[in-house]
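Novice: Here it is, the structure in full.
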Amino acid sequence: MFVDLDNLYLSDELKAVRRSIRRYVEEKIVPNGDVWEEQGYIPRVIFREMGELGFLSMSFPESVGGAELGALSSLILSEELGRSTYGGVMASISVHADMSASHLARHGNPALIEQYMPSIINGAKVCAVAVTEPGAGSDVARLKTKAEKVGDRWVINGSKMFITNGVHGDLFMVAARTDPDAKGSRGISLFVVEKGTSGFTTSEPLKKTGWLSSDTAQLFFDDVEVPETHLIGEVNKGFYYVMEGFQLERICIGGQVVGQCEKAIALTMDWLTQRQAFGGTLWDMDNIKMDMAALLAELTAAKHLAYHTAYMDANKQDAAMQASMVKSYLPELLNKVLYKCVQFHGGMGYMRETPVERMARDARILPIGGGATEVMLKEVAKRMI
């Protein structure tokens, strides 16, 4: 039913990686997901196991201990996690592997690499990225958290909001303004801040509508001192590192959507072909057939876009426009798919015991997080002339 793009885009190595990830998801994540939804986070052992299997460092450069398999490896990891039906698990792992630690892997100095990358790769330390602020949202250039150089240390003050892995994370890639006179995107830098650093605190877990198995928090920085070696890359270049990271993040979100859509459609097809109604099955109703066929057609087109964008990134092509298209289109499609899947499940689609109900709640955040749809369309429009 679903288009298979593996032979078109994936090497034999990546095909084997997909099989390994899918096996792990089916054996370790799916049977335990409900428990993690109740407790509000996934256990450390999952990060350790995935680290030992090599799943957390596939896109990292070989020079820091990664496999350097590129954006397609991140795409298939996100896709298989999405297929689990547990959006919170998908979010926590994706943030660690491809949305936070990747900044350190690409731009960290040798001291930071030696200090932290081994424990990131093996899953002993969980990472988060701290960019979003209470008053900034998708507008990264408006962030107000500041870092001031005092002697051989940086002193950070401010706060961050909606941070995935914020409660149970160990290492935070924090964006802060280092040049107070610079306008907009200029004068922003990235720092590594470790949990337990004096002055660095987190809120209680934020109560969310979905992604219940991921911990989300507000972060507070009150005269937090970090060594000057904890600067990632060059001073005042943080905005560009964040933008670079966003391209991979948007590709990952594309993979998440593909996995979730395919699973939701498969679950709904099983329901429609078995559920008896009006002298036959629900699948015998032509209007339902047409709706499901249209969703499959849209998903097929979206999957091609996501895979080709990952391919472009993996081959060092400028995919900023395509990545913004992925982020603007695919999450909206996911919500469209899940709306219909819940509808066609009838009353059962509104019950917590039904995966499509959970997936529908989880889906709503994706057009917002990682850059709102409207912002992504603006990014596409900027590149049209």
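A note on labels: chains of the structure tokens are A, B, ... as shown, every chain counts residues from 1, and ligands are counted from 1 in their shown order.
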Find the residues around region 2-18 of chain A up to 7 Å (only C-alpha atoms counted), leave out those fewer than 6 positions away in its own chain, and share them as a ChimeraX atom specification.
Specialist: /A:73,76,300
Novice: Tell me which protein, DNA and RNA residues are within 12 Å of Val257 (chain A), counting only C-alpha atoms, leaving out same-chain ones fewer than 5 positions away, and put them as a ChimeraX atom specification.
Specialist: /A:75-85,87,90-91,250-252,262-265,299-300,302-303,305-307,326-338,359-360,362-367
Novice: Using only C-alpha atoms, which residue out of A:Val89, A:Ala101, A:Ile385, A:Val356 lies closest to Pro43 (chain A)?
Specialist: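 Among A:Val89, A:Ala101, A:Ile385, A:Val356, it is A:Val89 that comes nearest to Pro43 (chain A).
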Novice: Identify all residues of region 153-185 of chain A in strand (DSSP E or B) (DSSP on the backbone) and supply them as a list of chain:residue names.
Specialist: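 Filtering region 153-185 of chain A to strand (DSSP E or B) leaves A:Arg153, A:Trp154, A:Val155, A:Ile156, A:Asn157, A:Gly158, A:Ser159, A:Lys160, A:Met161, A:Phe162, A:Ile163, A:Thr164, A:Leu171, A:Phe172, A:Met173, A:Val174, A:Ala175, A:Ala176, A:Arg177.
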Novice: Have a look at CA of Leu212 (chain A) and CA of Glu37 (chain A) and let me know their distance in Å, one decimal.
Specialist: 5.0 Å
Novice: Which neighbours of region 134-144 of chain A fall inside 6 Å, counting only C-alpha atoms, when residues of the same chain fewer than 3 positions from it are skipped, and could you give them as a PDB file with all heavy atoms, in the first residue's frame?
Specialist:
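Contents of the output file result-v3.pdb:
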```pdb
ATOM      1  N   MET A 161      11.833  28.037  27.439  1.00  0.00           N
ATOM      2  CA  MET A 161      10.490  27.487  27.595  1.00  0.00           C
ATOM      3  C   MET A 161      10.263  26.319  26.641  1.00  0.00           C
ATOM      4  O   MET A 161      10.835  26.281  25.549  1.00  0.00           O
ATOM      5  CB  MET A 161       9.461  28.584  27.330  1.00  0.00           C
ATOM      6  CG  MET A 161       8.041  28.222  27.734  1.00  0.00           C
ATOM      7  SD  MET A 161       7.917  27.920  29.512  1.00  0.00           S
ATOM      8  CE  MET A 161       6.133  27.910  29.727  1.00  0.00           C
ATOM      9  N   GLY A 184      18.941  41.798  16.037  1.00  0.00           N
ATOM     10  CA  GLY A 184      18.355  40.599  15.458  1.00  0.00           C
ATOM     11  C   GLY A 184      19.162  39.347  15.691  1.00  0.00           C
ATOM     12  O   GLY A 184      19.518  39.014  16.819  1.00  0.00           O
ATOM     13  N   SER A 185      19.484  38.658  14.597  1.00  0.00           N
ATOM     14  CA  SER A 185      20.148  37.360  14.683  1.00  0.00           C
ATOM     15  C   SER A 185      21.628  37.467  15.015  1.00  0.00           C
ATOM     16  O   SER A 185      22.259  36.467  15.350  1.00  0.00           O
ATOM     17  CB  SER A 185      19.989  36.618  13.351  1.00  0.00           C
ATOM     18  OG  SER A 185      20.574  37.359  12.291  1.00  0.00           O
ATOM     19  N   GLY A 371       9.354  25.491  14.620  1.00  0.00           N
ATOM     20  CA  GLY A 371       9.057  26.490  13.591  1.00  0.00           C
ATOM     21  C   GLY A 371       7.630  26.334  13.117  1.00  0.00           C
ATOM     22  O   GLY A 371       7.284  25.338  12.473  1.00  0.00           O
TER      23      GLY A 371
END
```
Novice: Report, in Å with one decimal, the straight-line distance from CA of His308 (chain A) to CA of Gly369 (chain A).
Specialist: 22.3 Å
